[in-house]
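Report on the following structure.
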Amino acid sequence: VFYNIVTNACKFTKIGKVVISSSVDPCGKWVEVSVADTGSGITPESLERIFEPFEQEDNSNVRGYQGIGLGLAIAHEVVQRHGGQIAVESELGVGTTFTVRLPMVMCEASHSLGDEGDVASVPVSNITPPPQDESEAITAIAPLEARSEGKPLLLSVDDDVVNQEVIRSALADECEIHEAMDGEKALEYLKNC
């Protein structure tokens, strides 16, 4: 999460500075980390969609940077799954501030949010354990003739089950997701496509 936010801040701040600060609320229930930059800023239109998958600033000044617009969508999902919140404020030509607010104790997060936010918690029982058998290392793979019409195919390669779950949750509506738990299994899958 923070790697993505700090990297973006550095990428879009050609002149100026990036300041990372943190604070803990007086009751010790929340920690906030802010990343503020004096970069190019984000248009109000883009701010409305900034945490949606495949969204990028559609501005010629920043469009030259690499990326596909998944970093902030995944960061948003990860923060929410930890019972937290992520917010952004920006002004064109002045800069941008991302603030991540996380509970100090994760198990209290799902009970103490109340009116503060609409955050979905994921019970540990809903997270698929890593495969125990080599034949299970690639999951959710459908033959090409059985593919959904209209959705792009995405091969997610990660050995962390939680990361796979986050990607699946964030992109399931937009993509047909296939998963491989390591590079070797991903190459095997690609050879058989």
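Every chain in the structure tokens has a letter given in the order shown (A, B, ...), and although residue numbers restart at 1 in each chain, ligands are simply numbered from 1 in the order shown.
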Could you pull the residues within 8 Å of range 38-40 of chain A, counting only C-alpha atoms, minus those fewer than 4 positions along the same chain, as a PDB file with N, CA, C and O atoms, in the first residue's frame?
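Resulting contents of part_2.pdb:
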ATOM      1  N   ALA A   9       3.738   9.336  -5.538  1.00  0.00           N
ATOM      2  CA  ALA A   9       4.064  10.701  -5.116  1.00  0.00           C
ATOM      3  C   ALA A   9       5.402  11.136  -5.707  1.00  0.00           C
ATOM      4  O   ALA A   9       5.526  12.254  -6.230  1.00  0.00           O
ATOM      5  N   PHE A  12       5.182  11.702  -9.629  1.00  0.00           N
ATOM      6  CA  PHE A  12       4.463  12.869 -10.110  1.00  0.00           C
ATOM      7  C   PHE A  12       4.935  14.177  -9.477  1.00  0.00           C
ATOM      8  O   PHE A  12       4.296  15.211  -9.641  1.00  0.00           O
ATOM      9  N   THR A  13       6.042  14.127  -8.744  1.00  0.00           N
ATOM     10  CA  THR A  13       6.609  15.345  -8.144  1.00  0.00           C
ATOM     11  C   THR A  13       7.974  15.577  -8.765  1.00  0.00           C
ATOM     12  O   THR A  13       8.983  15.065  -8.295  1.00  0.00           O
ATOM     13  N   LYS A  14       7.993  16.364  -9.831  1.00  0.00           N
ATOM     14  CA  LYS A  14       9.254  16.644 -10.520  1.00  0.00           C
ATOM     15  C   LYS A  14      10.062  17.687  -9.749  1.00  0.00           C
ATOM     16  O   LYS A  14      11.280  17.613  -9.677  1.00  0.00           O
ATOM     17  N   ILE A  15       9.383  18.676  -9.195  1.00  0.00           N
ATOM     18  CA  ILE A  15      10.032  19.721  -8.397  1.00  0.00           C
ATOM     19  C   ILE A  15       9.232  19.847  -7.111  1.00  0.00           C
ATOM     20  O   ILE A  15       8.009  19.882  -7.142  1.00  0.00           O
ATOM     21  N   GLY A  16       9.913  19.901  -6.000  1.00  0.00           N
ATOM     22  CA  GLY A  16       9.211  20.033  -4.724  1.00  0.00           C
ATOM     23  C   GLY A  16       9.599  18.935  -3.773  1.00  0.00           C
ATOM     24  O   GLY A  16      10.748  18.512  -3.738  1.00  0.00           O
ATOM     25  N   LYS A  17       8.606  18.445  -3.041  1.00  0.00           N
ATOM     26  CA  LYS A  17       8.932  17.457  -2.017  1.00  0.00           C
ATOM     27  C   LYS A  17       7.778  16.491  -1.791  1.00  0.00           C
ATOM     28  O   LYS A  17       6.636  16.751  -2.158  1.00  0.00           O
ATOM     29  N   VAL A  18       8.131  15.380  -1.160  1.00  0.00           N
ATOM     30  CA  VAL A  18       7.172  14.386  -0.698  1.00  0.00           C
ATOM     31  C   VAL A  18       7.397  14.251   0.804  1.00  0.00           C
ATOM     32  O   VAL A  18       8.523  14.039   1.243  1.00  0.00           O
ATOM     33  N   LEU A  92      -4.938  20.656  -8.490  1.00  0.00           N
ATOM     34  CA  LEU A  92      -4.072  20.737  -9.667  1.00  0.00           C
ATOM     35  C   LEU A  92      -3.019  21.812  -9.489  1.00  0.00           C
ATOM     36  O   LEU A  92      -3.310  22.924  -9.053  1.00  0.00           O
ATOM     37  N   GLY A  93      -1.790  21.455  -9.777  1.00  0.00           N
ATOM     38  CA  GLY A  93      -0.678  22.396  -9.692  1.00  0.00           C
ATOM     39  C   GLY A  93      -0.169  22.650  -8.292  1.00  0.00           C
ATOM     40  O   GLY A  93       0.827  23.336  -8.101  1.00  0.00           O
ATOM     41  N   VAL A  94      -0.835  22.072  -7.275  1.00  0.00           N
ATOM     42  CA  VAL A  94      -0.437  22.288  -5.874  1.00  0.00           C
ATOM     43  C   VAL A  94       0.089  20.998  -5.243  1.00  0.00           C
ATOM     44  O   VAL A  94       1.098  20.998  -4.557  1.00  0.00           O
ATOM     45  N   GLY A  95      -0.621  19.903  -5.491  1.00  0.00           N
ATOM     46  CA  GLY A  95      -0.166  18.630  -4.940  1.00  0.00           C
ATOM     47  C   GLY A  95      -1.297  17.744  -4.475  1.00  0.00           C
ATOM     48  O   GLY A  95      -2.480  18.089  -4.599  1.00  0.00           O
ATOM     49  N   THR A  96      -0.922  16.615  -3.908  1.00  0.00           N
ATOM     50  CA  THR A  96      -1.866  15.579  -3.506  1.00  0.00           C
ATOM     51  C   THR A  96      -1.464  15.028  -2.143  1.00  0.00           C
ATOM     52  O   THR A  96      -0.285  14.892  -1.845  1.00  0.00           O
TER      53      THR A  96
END
If we count only C-alpha atoms and set the cut-off at 12 Å, which residues sit around range 41-49 of chain A, ignoring sequence neighbours fewer than 4 positions away in its own chain? Please answer as a ChimeraX atom specification.
/A:8-9,11-14,36-37,53-59,61-62,69-70,72-73,76,87-98
Produce a file of the selected residues containing C-alpha atoms, as a PDB file, in the first residue's frame.
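This is the output file part-v7.pdb:
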ATOM      1  CA  ASN A   8       3.270   7.594  -7.166  1.00  0.00           C
ATOM      2  CA  ALA A   9       4.064  10.701  -5.116  1.00  0.00           C
ATOM      3  CA  LYS A  11       6.792   9.859  -9.821  1.00  0.00           C
ATOM      4  CA  PHE A  12       4.463  12.869 -10.110  1.00  0.00           C
ATOM      5  CA  THR A  13       6.609  15.345  -8.144  1.00  0.00           C
ATOM      6  CA  LYS A  14       9.254  16.644 -10.520  1.00  0.00           C
ATOM      7  CA  ALA A  36       1.744  14.589   0.803  1.00  0.00           C
ATOM      8  CA  ASP A  37       3.452  15.838  -2.335  1.00  0.00           C
ATOM      9  CA  PRO A  53      -9.456  -0.570 -11.318  1.00  0.00           C
ATOM     10  CA  PHE A  54      -7.727   0.503 -14.548  1.00  0.00           C
ATOM     11  CA  GLU A  55      -8.167   4.217 -13.823  1.00  0.00           C
ATOM     12  CA  GLN A  56      -5.339   6.602 -14.632  1.00  0.00           C
ATOM     13  CA  GLU A  57      -5.117  10.348 -14.916  1.00  0.00           C
ATOM     14  CA  ASP A  58      -6.040  11.167 -18.514  1.00  0.00           C
ATOM     15  CA  ASN A  59      -3.720  14.141 -18.765  1.00  0.00           C
ATOM     16  CA  ASN A  61       1.467  15.626 -18.491  1.00  0.00           C
ATOM     17  CA  VAL A  62       1.163  12.323 -16.622  1.00  0.00           C
ATOM     18  CA  GLY A  69      -4.134   1.752 -13.099  1.00  0.00           C
ATOM     19  CA  LEU A  70      -4.383  -1.096 -10.600  1.00  0.00           C
ATOM     20  CA  LEU A  72      -4.515   2.402  -6.011  1.00  0.00           C
ATOM     21  CA  ALA A  73      -7.466   0.030  -6.535  1.00  0.00           C
ATOM     22  CA  HIS A  76      -7.828   0.639  -1.412  1.00  0.00           C
ATOM     23  CA  ALA A  87      -8.655   9.076   1.412  1.00  0.00           C
ATOM     24  CA  VAL A  88      -7.171  11.495  -1.090  1.00  0.00           C
ATOM     25  CA  GLU A  89      -7.204  15.268  -1.417  1.00  0.00           C
ATOM     26  CA  SER A  90      -5.660  17.049  -4.373  1.00  0.00           C
ATOM     27  CA  GLU A  91      -5.424  20.375  -6.141  1.00  0.00           C
ATOM     28  CA  LEU A  92      -4.072  20.737  -9.667  1.00  0.00           C
ATOM     29  CA  GLY A  93      -0.678  22.396  -9.692  1.00  0.00           C
ATOM     30  CA  VAL A  94      -0.437  22.288  -5.874  1.00  0.00           C
ATOM     31  CA  GLY A  95      -0.166  18.630  -4.940  1.00  0.00           C
ATOM     32  CA  THR A  96      -1.866  15.579  -3.506  1.00  0.00           C
ATOM     33  CA  THR A  97      -2.240  14.035  -0.050  1.00  0.00           C
ATOM     34  CA  PHE A  98      -3.166  10.399   0.533  1.00  0.00           C
TER      35      PHE A  98
END
Quick one: residues within 8 Å of Ala170 in chain A, only C-alpha atoms counted, chain neighbours fewer than 2 positions away excluded, as a PDB file with C-alpha atoms, in the first residue's frame?
ATOM      1  CA  PRO A  53      -9.456  -0.570 -11.318  1.00  0.00           C
ATOM      2  CA  ALA A  73      -7.466   0.030  -6.535  1.00  0.00           C
ATOM      3  CA  ILE A  74      -5.495  -2.757  -4.865  1.00  0.00           C
ATOM      4  CA  GLU A  77      -8.960  -2.984  -1.191  1.00  0.00           C
ATOM      5  CA  VAL A 166      -7.534  -9.063  -3.006  1.00  0.00           C
ATOM      6  CA  ILE A 167      -6.940  -9.137  -6.761  1.00  0.00           C
ATOM      7  CA  ARG A 168      -9.919 -11.445  -7.281  1.00  0.00           C
ATOM      8  CA  ALA A 172     -13.779  -9.995 -10.643  1.00  0.00           C
ATOM      9  CA  ASP A 173     -16.427  -7.733 -12.195  1.00  0.00           C
TER      10      ASP A 173
END
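Distance-wise, CA of Gly84 in chain A and CA of Ser22 in chain A end up 14.6 Å apart.
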For CA of Gly83 in chain A and CA of Asp182 in chain A, determine how far apart the two atoms are, in Å to one decimal place.
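So the answer is 28.3 Å.
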Hey, what's within 9 Å of Ile86 in chain A if we count only C-alpha atoms and toss same-chain stuff fewer than 5 positions away? As a list of chain:residue names, please?
A:Ala75, A:His76, A:Val79, A:Gln80, A:Phe98, A:Thr99, A:Val100, A:Arg101, A:Leu102
Tell me, as a PyMOL selection string, which residues lie within 10 Å of Val24 in chain A, counting only C-alpha atoms; anything in the same chain fewer than 4 positions away does not count.
chain A and resi 28-33+101-104
For the residues in the current selection, export C-alpha atoms as a compact mmCIF listing (two decimals), in the first residue's frame.
# COMPACT_ATOMS: atom_id res chain seq x y z
CA GLY A 28 -4.67 4.58 20.68
CA LYS A 29 -7.21 2.90 18.41
CA TRP A 30 -6.09 4.27 15.03
CA VAL A 31 -2.87 5.14 13.27
CA GLU A 32 -2.84 7.51 10.33
CA VAL A 33 -0.11 7.77 7.73
CA ARG A 101 -6.10 5.19 8.54
CA LEU A 102 -5.67 1.74 10.07
CA PRO A 103 -6.82 0.23 13.36
CA MET A 104 -4.06 -0.42 15.89
CA of Cys27 in chain A sits from CA of Arg81 in chain A at a separation of 22.1 Å
